[in-house]
>>> print(open('work.cif').read())   # mmCIF, N, CA and C atoms
data_protein
#
loop_
_atom_site.label_atom_id
_atom_site.label_comp_id
_atom_site.auth_asym_id
_atom_site.auth_seq_id
_atom_site.Cartn_x
_atom_site.Cartn_y
_atom_site.Cartn_z
N MET A 41 122.89 50.48 -60.94
CA MET A 41 122.98 51.93 -60.93
C MET A 41 122.10 52.46 -59.80
N THR A 42 122.67 53.31 -58.97
CA THR A 42 121.92 53.89 -57.86
C THR A 42 121.03 55.02 -58.37
N LYS A 43 120.12 55.47 -57.52
CA LYS A 43 119.23 56.58 -57.86
C LYS A 43 120.05 57.83 -58.17
N SER A 44 121.04 58.13 -57.33
CA SER A 44 121.84 59.33 -57.56
C SER A 44 122.65 59.22 -58.85
N GLN A 45 123.15 58.03 -59.19
CA GLN A 45 123.87 57.86 -60.45
C GLN A 45 122.93 58.03 -61.64
N PHE A 46 121.71 57.50 -61.52
CA PHE A 46 120.74 57.67 -62.60
C PHE A 46 120.51 59.16 -62.87
N TYR A 47 120.25 59.91 -61.81
CA TYR A 47 120.01 61.35 -61.98
C TYR A 47 121.28 62.10 -62.36
N GLY A 48 122.41 61.66 -61.86
CA GLY A 48 123.68 62.29 -62.23
C GLY A 48 123.99 62.12 -63.70
N VAL A 49 123.80 60.91 -64.21
CA VAL A 49 124.08 60.64 -65.62
C VAL A 49 123.03 61.31 -66.51
N THR A 50 121.75 61.22 -66.14
CA THR A 50 120.73 61.85 -66.98
C THR A 50 120.86 63.37 -66.98
N SER A 51 121.30 63.95 -65.87
CA SER A 51 121.49 65.41 -65.86
C SER A 51 122.61 65.80 -66.81
N LEU A 52 123.68 65.01 -66.87
CA LEU A 52 124.75 65.30 -67.83
C LEU A 52 124.28 65.12 -69.26
N ILE A 53 123.45 64.12 -69.50
CA ILE A 53 122.90 63.91 -70.84
C ILE A 53 122.03 65.09 -71.24
N LEU A 54 121.19 65.58 -70.32
CA LEU A 54 120.32 66.72 -70.62
C LEU A 54 121.14 67.97 -70.94
N VAL A 55 122.18 68.23 -70.15
CA VAL A 55 123.04 69.39 -70.43
C VAL A 55 123.77 69.17 -71.75
N GLY A 56 124.19 67.94 -72.01
CA GLY A 56 124.84 67.63 -73.28
C GLY A 56 123.93 67.91 -74.47
N ILE A 57 122.67 67.53 -74.35
CA ILE A 57 121.71 67.80 -75.43
C ILE A 57 121.53 69.31 -75.59
N ALA A 58 121.46 70.03 -74.48
CA ALA A 58 121.33 71.49 -74.55
C ALA A 58 122.53 72.10 -75.26
N ILE A 59 123.72 71.61 -74.95
CA ILE A 59 124.92 72.13 -75.60
C ILE A 59 124.91 71.79 -77.09
N VAL A 60 124.43 70.61 -77.44
CA VAL A 60 124.30 70.25 -78.86
C VAL A 60 123.36 71.22 -79.56
N LEU A 61 122.26 71.61 -78.91
CA LEU A 61 121.36 72.61 -79.49
C LEU A 61 122.11 73.92 -79.71
N GLY A 62 122.94 74.29 -78.73
CA GLY A 62 123.75 75.50 -78.88
C GLY A 62 124.74 75.37 -80.03
N VAL A 63 125.35 74.21 -80.16
CA VAL A 63 126.30 73.97 -81.25
C VAL A 63 125.60 74.09 -82.60
N VAL A 64 124.41 73.50 -82.70
CA VAL A 64 123.64 73.57 -83.95
C VAL A 64 123.36 75.03 -84.29
N ALA A 65 122.91 75.80 -83.31
CA ALA A 65 122.59 77.21 -83.56
C ALA A 65 123.84 77.99 -83.96
N ILE A 66 124.95 77.71 -83.32
CA ILE A 66 126.19 78.43 -83.64
C ILE A 66 126.68 78.05 -85.04
N PHE A 67 126.62 76.75 -85.38
CA PHE A 67 127.02 76.33 -86.72
C PHE A 67 126.12 76.94 -87.79
N GLN A 68 124.85 77.16 -87.48
CA GLN A 68 123.95 77.80 -88.44
C GLN A 68 124.40 79.24 -88.71
N ALA A 69 124.99 79.86 -87.70
CA ALA A 69 125.46 81.24 -87.85
C ALA A 69 126.82 81.29 -88.55
N SER A 70 127.72 80.35 -88.19
CA SER A 70 129.06 80.39 -88.76
C SER A 70 129.78 79.07 -88.52
N LEU A 71 130.37 78.54 -89.55
CA LEU A 71 131.14 77.30 -89.44
C LEU A 71 132.30 77.48 -88.47
N TRP A 72 133.02 78.58 -88.60
CA TRP A 72 134.21 78.80 -87.76
C TRP A 72 133.85 79.06 -86.31
N LEU A 73 132.75 79.79 -86.08
CA LEU A 73 132.30 79.98 -84.70
C LEU A 73 131.88 78.65 -84.09
N GLY A 74 131.24 77.80 -84.88
CA GLY A 74 130.84 76.47 -84.41
C GLY A 74 132.05 75.63 -84.02
N ILE A 75 133.06 75.63 -84.87
CA ILE A 75 134.28 74.89 -84.56
C ILE A 75 134.94 75.47 -83.30
N GLY A 76 134.97 76.79 -83.22
CA GLY A 76 135.55 77.44 -82.03
C GLY A 76 134.80 77.09 -80.76
N TYR A 77 133.47 77.06 -80.85
CA TYR A 77 132.68 76.72 -79.67
C TYR A 77 132.89 75.26 -79.26
N LEU A 78 133.00 74.36 -80.24
CA LEU A 78 133.29 72.96 -79.91
C LEU A 78 134.62 72.84 -79.17
N LEU A 79 135.64 73.54 -79.66
CA LEU A 79 136.95 73.52 -78.99
C LEU A 79 136.85 74.12 -77.58
N LEU A 80 136.15 75.24 -77.48
CA LEU A 80 135.98 75.89 -76.19
C LEU A 80 135.20 75.00 -75.22
N SER A 81 134.23 74.26 -75.73
CA SER A 81 133.44 73.35 -74.89
C SER A 81 134.33 72.27 -74.30
N GLY A 82 135.22 71.72 -75.10
CA GLY A 82 136.15 70.72 -74.60
C GLY A 82 137.08 71.28 -73.54
N ILE A 83 137.58 72.49 -73.78
CA ILE A 83 138.45 73.14 -72.80
C ILE A 83 137.68 73.43 -71.52
N ALA A 84 136.45 73.94 -71.65
CA ALA A 84 135.63 74.26 -70.49
C ALA A 84 135.34 73.02 -69.66
N ALA A 85 135.04 71.92 -70.32
CA ALA A 85 134.78 70.66 -69.60
C ALA A 85 136.04 70.23 -68.84
N TYR A 86 137.19 70.35 -69.47
CA TYR A 86 138.44 69.99 -68.80
C TYR A 86 138.70 70.90 -67.59
N VAL A 87 138.45 72.19 -67.75
CA VAL A 87 138.66 73.14 -66.65
C VAL A 87 137.77 72.77 -65.46
N VAL A 88 136.52 72.45 -65.71
CA VAL A 88 135.61 72.06 -64.63
C VAL A 88 136.12 70.80 -63.94
N ILE A 89 136.51 69.81 -64.73
CA ILE A 89 137.00 68.56 -64.14
C ILE A 89 138.30 68.79 -63.38
N TYR A 90 139.20 69.60 -63.93
CA TYR A 90 140.48 69.85 -63.25
C TYR A 90 140.29 70.71 -61.99
N ALA A 91 139.58 71.82 -62.14
CA ALA A 91 139.46 72.78 -61.03
C ALA A 91 138.51 72.32 -59.94
N TYR A 92 137.50 71.54 -60.30
CA TYR A 92 136.49 71.15 -59.32
C TYR A 92 136.51 69.65 -59.02
N CYS A 93 136.24 68.86 -60.02
CA CYS A 93 136.08 67.41 -59.81
C CYS A 93 137.34 66.75 -59.27
N ALA A 94 138.50 67.16 -59.78
CA ALA A 94 139.74 66.50 -59.37
C ALA A 94 140.09 66.77 -57.90
N LYS A 95 139.53 67.80 -57.30
CA LYS A 95 139.78 68.08 -55.88
C LYS A 95 138.71 67.50 -54.95
N CYS A 96 137.71 66.87 -55.55
CA CYS A 96 136.62 66.30 -54.76
C CYS A 96 137.10 65.04 -54.04
N PRO A 97 136.84 64.94 -52.74
CA PRO A 97 137.25 63.74 -52.01
C PRO A 97 136.38 62.52 -52.33
N SER A 98 135.28 62.72 -53.04
CA SER A 98 134.36 61.62 -53.36
C SER A 98 134.32 61.31 -54.85
N LYS A 99 135.35 61.68 -55.58
CA LYS A 99 135.31 61.49 -57.03
C LYS A 99 135.16 60.02 -57.44
N ALA A 100 135.63 59.10 -56.62
CA ALA A 100 135.49 57.67 -56.94
C ALA A 100 134.03 57.22 -56.85
N GLN A 101 133.21 57.95 -56.10
CA GLN A 101 131.79 57.62 -55.95
C GLN A 101 130.90 58.65 -56.63
N CYS A 102 131.43 59.38 -57.59
CA CYS A 102 130.71 60.47 -58.24
C CYS A 102 129.41 59.97 -58.88
N ALA A 103 128.32 60.62 -58.56
CA ALA A 103 127.03 60.25 -59.14
C ALA A 103 126.96 60.60 -60.62
N HIS A 104 127.77 61.54 -61.06
CA HIS A 104 127.81 61.88 -62.49
C HIS A 104 128.59 60.83 -63.28
N VAL A 105 129.30 59.97 -62.60
CA VAL A 105 130.06 58.83 -63.11
C VAL A 105 131.25 59.25 -63.98
N LEU A 106 131.01 59.70 -65.21
CA LEU A 106 132.12 59.99 -66.13
C LEU A 106 133.05 61.10 -65.65
N PRO A 107 132.55 62.24 -65.16
CA PRO A 107 133.48 63.24 -64.64
C PRO A 107 134.31 62.70 -63.46
N GLY A 108 133.70 61.88 -62.64
CA GLY A 108 134.43 61.28 -61.52
C GLY A 108 135.56 60.39 -62.01
N LYS A 109 135.27 59.58 -63.02
CA LYS A 109 136.30 58.70 -63.59
C LYS A 109 137.41 59.53 -64.23
N ALA A 110 137.05 60.59 -64.94
CA ALA A 110 138.05 61.46 -65.55
C ALA A 110 138.89 62.15 -64.47
N ALA A 111 138.24 62.56 -63.38
CA ALA A 111 138.95 63.24 -62.30
C ALA A 111 139.93 62.31 -61.59
N LEU A 112 139.61 61.03 -61.56
CA LEU A 112 140.53 60.06 -60.94
C LEU A 112 141.86 60.01 -61.67
N ALA A 113 141.83 60.30 -62.98
CA ALA A 113 143.07 60.28 -63.77
C ALA A 113 143.94 61.51 -63.51
N ILE A 114 143.35 62.53 -62.91
CA ILE A 114 144.10 63.75 -62.59
C ILE A 114 144.53 63.65 -61.13
N GLN A 115 145.78 63.62 -60.89
CA GLN A 115 146.30 63.44 -59.54
C GLN A 115 146.31 64.77 -58.78
N ARG A 116 145.18 65.08 -58.13
CA ARG A 116 145.10 66.29 -57.30
C ARG A 116 144.63 65.88 -55.92
N LYS A 117 145.20 66.50 -54.93
CA LYS A 117 144.84 66.21 -53.55
C LYS A 117 143.49 66.87 -53.23
N PRO A 118 142.56 66.10 -52.64
CA PRO A 118 141.29 66.71 -52.24
C PRO A 118 141.51 67.82 -51.21
N GLY A 119 140.67 68.81 -51.28
CA GLY A 119 140.77 69.90 -50.32
C GLY A 119 139.86 71.05 -50.71
N PRO A 120 139.87 72.09 -49.88
CA PRO A 120 139.02 73.25 -50.16
C PRO A 120 139.40 73.88 -51.51
N TYR A 121 138.42 74.48 -52.14
CA TYR A 121 138.64 75.12 -53.43
C TYR A 121 139.14 76.54 -53.22
N SER A 122 140.17 76.91 -53.96
CA SER A 122 140.69 78.27 -53.89
C SER A 122 139.75 79.19 -54.67
N THR A 123 139.92 80.47 -54.48
CA THR A 123 139.14 81.45 -55.23
C THR A 123 139.40 81.30 -56.72
N ALA A 124 140.66 81.08 -57.10
CA ALA A 124 141.01 80.93 -58.51
C ALA A 124 140.33 79.69 -59.11
N GLU A 125 140.29 78.59 -58.36
CA GLU A 125 139.64 77.37 -58.85
C GLU A 125 138.14 77.59 -59.02
N THR A 126 137.53 78.24 -58.05
CA THR A 126 136.10 78.52 -58.13
C THR A 126 135.80 79.45 -59.30
N LEU A 127 136.59 80.50 -59.45
CA LEU A 127 136.39 81.43 -60.57
C LEU A 127 136.62 80.75 -61.92
N SER A 128 137.60 79.87 -61.99
CA SER A 128 137.86 79.12 -63.23
C SER A 128 136.67 78.26 -63.59
N MET A 129 136.14 77.56 -62.60
CA MET A 129 134.99 76.68 -62.84
C MET A 129 133.77 77.50 -63.27
N VAL A 130 133.48 78.56 -62.56
CA VAL A 130 132.32 79.39 -62.87
C VAL A 130 132.47 80.01 -64.26
N THR A 131 133.66 80.50 -64.58
CA THR A 131 133.91 81.10 -65.90
C THR A 131 133.71 80.06 -67.00
N ALA A 132 134.24 78.86 -66.79
CA ALA A 132 134.08 77.79 -67.79
C ALA A 132 132.61 77.47 -68.00
N LEU A 133 131.85 77.35 -66.92
CA LEU A 133 130.42 77.05 -67.05
C LEU A 133 129.66 78.19 -67.71
N LEU A 134 130.01 79.42 -67.35
CA LEU A 134 129.34 80.57 -67.97
C LEU A 134 129.62 80.63 -69.47
N LEU A 135 130.86 80.35 -69.88
CA LEU A 135 131.17 80.33 -71.31
C LEU A 135 130.43 79.20 -72.01
N LEU A 136 130.44 78.04 -71.39
CA LEU A 136 129.80 76.87 -71.97
C LEU A 136 128.30 77.10 -72.18
N LEU A 137 127.65 77.68 -71.20
CA LEU A 137 126.20 77.90 -71.28
C LEU A 137 125.83 79.27 -71.85
N GLY A 138 126.72 80.23 -71.69
CA GLY A 138 126.40 81.60 -72.09
C GLY A 138 126.63 81.92 -73.55
N LEU A 139 127.72 81.43 -74.11
CA LEU A 139 128.04 81.78 -75.50
C LEU A 139 126.94 81.40 -76.50
N PRO A 140 126.31 80.25 -76.36
CA PRO A 140 125.25 79.93 -77.33
C PRO A 140 124.08 80.91 -77.30
N GLN A 141 123.92 81.63 -76.20
CA GLN A 141 122.78 82.56 -76.09
C GLN A 141 122.84 83.64 -77.16
N LEU A 142 124.06 83.96 -77.61
CA LEU A 142 124.22 85.00 -78.63
C LEU A 142 123.50 84.66 -79.93
N VAL A 143 123.37 83.36 -80.22
CA VAL A 143 122.66 82.95 -81.44
C VAL A 143 121.33 82.26 -81.15
N LEU A 144 121.19 81.66 -79.97
CA LEU A 144 119.94 80.97 -79.63
C LEU A 144 118.75 81.92 -79.59
N TRP A 145 118.96 83.17 -79.21
CA TRP A 145 117.85 84.10 -79.11
C TRP A 145 117.15 84.31 -80.45
N LYS A 146 117.86 83.97 -81.55
CA LYS A 146 117.25 84.11 -82.89
C LYS A 146 116.27 82.97 -83.19
N ASN A 147 116.35 81.90 -82.41
CA ASN A 147 115.46 80.76 -82.61
C ASN A 147 114.81 80.44 -81.26
N PRO A 148 113.64 81.01 -81.00
CA PRO A 148 112.99 80.84 -79.69
C PRO A 148 112.78 79.39 -79.28
N LEU A 149 112.49 78.51 -80.23
CA LEU A 149 112.28 77.10 -79.89
C LEU A 149 113.58 76.48 -79.35
N LEU A 150 114.70 76.75 -80.00
CA LEU A 150 115.98 76.24 -79.50
C LEU A 150 116.35 76.88 -78.16
N LEU A 151 116.09 78.17 -78.03
CA LEU A 151 116.40 78.88 -76.79
C LEU A 151 115.62 78.30 -75.61
N VAL A 152 114.33 78.14 -75.78
CA VAL A 152 113.49 77.59 -74.71
C VAL A 152 113.89 76.14 -74.42
N SER A 153 114.13 75.37 -75.46
CA SER A 153 114.54 73.97 -75.27
C SER A 153 115.85 73.90 -74.49
N PHE A 154 116.81 74.75 -74.85
CA PHE A 154 118.10 74.80 -74.16
C PHE A 154 117.90 75.01 -72.67
N TRP A 155 117.11 76.01 -72.31
CA TRP A 155 116.96 76.35 -70.89
C TRP A 155 116.05 75.38 -70.14
N VAL A 156 115.09 74.77 -70.81
CA VAL A 156 114.27 73.75 -70.16
C VAL A 156 115.16 72.55 -69.82
N LEU A 157 115.98 72.11 -70.77
CA LEU A 157 116.89 70.99 -70.51
C LEU A 157 117.86 71.31 -69.37
N CYS A 158 118.44 72.50 -69.41
CA CYS A 158 119.37 72.90 -68.33
C CYS A 158 118.64 73.00 -67.00
N GLY A 159 117.43 73.53 -67.02
CA GLY A 159 116.65 73.66 -65.78
C GLY A 159 116.33 72.30 -65.16
N ILE A 160 115.94 71.35 -65.99
CA ILE A 160 115.66 70.00 -65.48
C ILE A 160 116.94 69.39 -64.91
N ALA A 161 118.06 69.58 -65.62
CA ALA A 161 119.33 69.03 -65.15
C ALA A 161 119.73 69.63 -63.80
N VAL A 162 119.63 70.94 -63.67
CA VAL A 162 119.99 71.59 -62.40
C VAL A 162 119.07 71.12 -61.28
N THR A 163 117.80 70.96 -61.59
CA THR A 163 116.85 70.46 -60.58
C THR A 163 117.24 69.06 -60.13
N GLN A 164 117.58 68.20 -61.08
CA GLN A 164 118.02 66.84 -60.73
C GLN A 164 119.29 66.88 -59.87
N ILE A 165 120.22 67.71 -60.26
CA ILE A 165 121.49 67.78 -59.52
C ILE A 165 121.25 68.27 -58.10
N ARG A 166 120.54 69.37 -57.98
CA ARG A 166 120.35 69.97 -56.65
C ARG A 166 119.44 69.12 -55.75
N SER A 167 118.45 68.43 -56.34
CA SER A 167 117.50 67.70 -55.50
C SER A 167 117.88 66.25 -55.23
N VAL A 168 118.76 65.67 -56.04
CA VAL A 168 119.12 64.27 -55.83
C VAL A 168 120.64 64.09 -55.71
N VAL A 169 121.37 64.55 -56.72
CA VAL A 169 122.81 64.31 -56.77
C VAL A 169 123.53 64.98 -55.60
N CYS A 170 123.24 66.24 -55.35
CA CYS A 170 123.91 66.95 -54.25
C CYS A 170 123.62 66.31 -52.89
N LEU A 171 122.42 65.80 -52.72
CA LEU A 171 122.07 65.18 -51.44
C LEU A 171 122.88 63.92 -51.18
N ALA A 172 123.25 63.21 -52.25
CA ALA A 172 124.02 61.98 -52.09
C ALA A 172 125.53 62.24 -52.07
N CYS A 173 125.93 63.41 -52.49
CA CYS A 173 127.35 63.73 -52.61
C CYS A 173 127.99 63.95 -51.23
N ARG A 174 129.23 63.46 -51.11
CA ARG A 174 129.96 63.62 -49.86
C ARG A 174 131.13 64.59 -49.98
N ASN A 175 131.06 65.49 -50.95
CA ASN A 175 132.12 66.49 -51.12
C ASN A 175 131.94 67.59 -50.09
N VAL A 176 132.63 67.48 -48.98
CA VAL A 176 132.49 68.44 -47.89
C VAL A 176 133.07 69.81 -48.25
N TYR A 177 133.83 69.88 -49.34
CA TYR A 177 134.43 71.15 -49.75
C TYR A 177 133.59 71.92 -50.75
N CYS A 178 132.53 71.33 -51.24
CA CYS A 178 131.69 71.97 -52.25
C CYS A 178 131.09 73.26 -51.71
N PRO A 179 131.24 74.36 -52.44
CA PRO A 179 130.67 75.62 -51.98
C PRO A 179 129.14 75.60 -51.91
N LEU A 180 128.50 74.70 -52.65
CA LEU A 180 127.04 74.61 -52.63
C LEU A 180 126.51 73.63 -51.61
N LYS A 181 127.40 72.88 -51.01
CA LYS A 181 126.99 71.83 -50.06
C LYS A 181 126.68 72.44 -48.70
N GLN A 182 125.52 72.12 -48.19
CA GLN A 182 125.15 72.56 -46.84
C GLN A 182 125.65 71.51 -45.85
N THR A 183 126.65 71.87 -45.10
CA THR A 183 127.19 70.95 -44.10
C THR A 183 127.14 71.60 -42.74
N LYS A 184 127.39 70.80 -41.73
CA LYS A 184 127.46 71.36 -40.38
C LYS A 184 128.56 72.39 -40.27
N ARG A 185 129.59 72.20 -41.10
CA ARG A 185 130.74 73.11 -41.09
C ARG A 185 130.34 74.52 -41.47
N ASN A 186 129.37 74.68 -42.41
CA ASN A 186 129.01 76.04 -42.83
C ASN A 186 127.54 76.37 -42.59
N ALA A 187 126.86 75.52 -41.86
CA ALA A 187 125.46 75.79 -41.53
C ALA A 187 125.39 76.85 -40.43
N PRO A 188 124.34 77.67 -40.45
CA PRO A 188 124.22 78.69 -39.41
C PRO A 188 124.05 78.03 -38.01
N ALA A 189 124.63 78.67 -37.02
CA ALA A 189 124.54 78.16 -35.64
C ALA A 189 123.11 78.28 -35.15
N GLN A 190 122.69 77.35 -34.34
CA GLN A 190 121.33 77.36 -33.80
C GLN A 190 121.33 77.99 -32.43
#
>>> encode(input="work.cif", output="structure tokens")
Amino acid sequence: MTKSQFYGVTSLILVGIAIVLGVVAIFQASLWLGIGYLLLSGIAAYVVIYAYCAKCPSKAQCAHVLPGKAALAIQRKPGPYSTAETLSMVTALLLLLGLPQLVLWKNPLLLVSFWVLCGIAVTQIRSVVCLACRNVYCPLKQTKRNAPAQ
């Protein structure tokens, strides 16, 4: 396992734990809302993999490993992301991370734990995984193509 894969996998595990905290908080509020959030989480994960990962030219070398493998099963041609794809991905992530906030605020320990886990994951992704990634189409990737002229 490479350094970027280690951080890619651990960042997904940290976000997964954060989402589990959100699921626990939602189930404490309502069984049906918890079931709904679990279903929505699965849909959101699929949307991210379909709209973003499946168009990545480096999905076979994905440092997150599992999303890359899942994206390989989706036959999409690599290329720039459309506005609709970007909005779909952002909306899915906002729902995935945002909906639990409605109940997490009632339990400060779960709320802080959720955001600490997500913060560590984002730090790992931005400081290690993104640097190793070769997705030239990523809107967050700093490449010569979109770097300011000197």
>>> resolve_selection(input="work.cif", expression="the PyMOL selection byres ((chain A and resi 158) around 8)", output="PyMOL selection string")
chain A and resi 51+54-59+152-157+159-164
>>> atom_distance(input="work.cif", atom1="atom CA of A:Val169", atom2="atom N of A:Val63")
25.5 Å
>>> resolve_selection(input="work.cif", expression="the PyMOL selection byres ((chain A and resi 92) around 8)", output="ChimeraX atom specification")
/A:86-91,93-97,111,121,125-126,128-129
>>> select_by_dssp(input="work.cif", residues="chain A", states="alpha helix (DSSP H)", output="ChimeraX atom specification")
/A:43-69,71-91,106-112,123-138,141-144,148-164,170-172
>>> atom_distance(input="work.cif", atom1="atom CA of A:Ser81", atom2="atom CA of A:Gly48")
19.4 Å
>>> resolve_selection(input="work.cif", expression="the PyMOL selection byres (((chain A and resi 78 and name CA) around 10) and name CA)", output="ChimeraX atom specification")
/A:59-60,62-63,66-67,72-77,79-84,136
>>> atom_distance(input="work.cif", atom1="atom CA of A:Lys43", atom2="atom C of A:Lys181")
19.8 Å
>>> closest_residue(input="work.cif", among="A:Ile165, A:Val49, A:Ala65, A:Met41", to="A:Asn147", atoms="all atoms listed in the file")
A:Ala65
>>> closest_residue(input="work.cif", among="A:Cys178, A:Leu61, A:Ile53, A:Leu106", to="A:Leu144", atoms="only N, CA and C atoms")
A:Leu61
>>> axis_aligned_box(input="work.cif", around="stretch 123-135 of chain A", padding_each_side="4 Å", output="lines of an AutoDock Vina configuration file")
center_x = 135.2
center_y = 79.1
center_z = -63.2
size_x = 19.7
size_y = 12.8
size_z = 25.5
>>> residues_around(input="work.cif", residues="A:Ser98", least_positions_apart="2", cutoff="8 Å", atoms="all atoms listed in the file", output="list in words")
Cys93, Ala94, Lys95, Cys96, Ala100, Gln101, Cys102, Ala103, Gly108, Pro118, Cys173, Arg174, Asn175 and Val176 of chain A
>>> closest_residue(input="work.cif", among="A:Pro120, A:Leu112, A:Val64, A:Gly138", to="A:Tyr177", atoms="all atoms listed in the file")
A:Pro120
>>> closest_residue(input="work.cif", among="A:Ala132, A:Leu52, A:Ala69, A:Cys170", to="A:Pro107", atoms="only C-alpha atoms")
A:Leu52
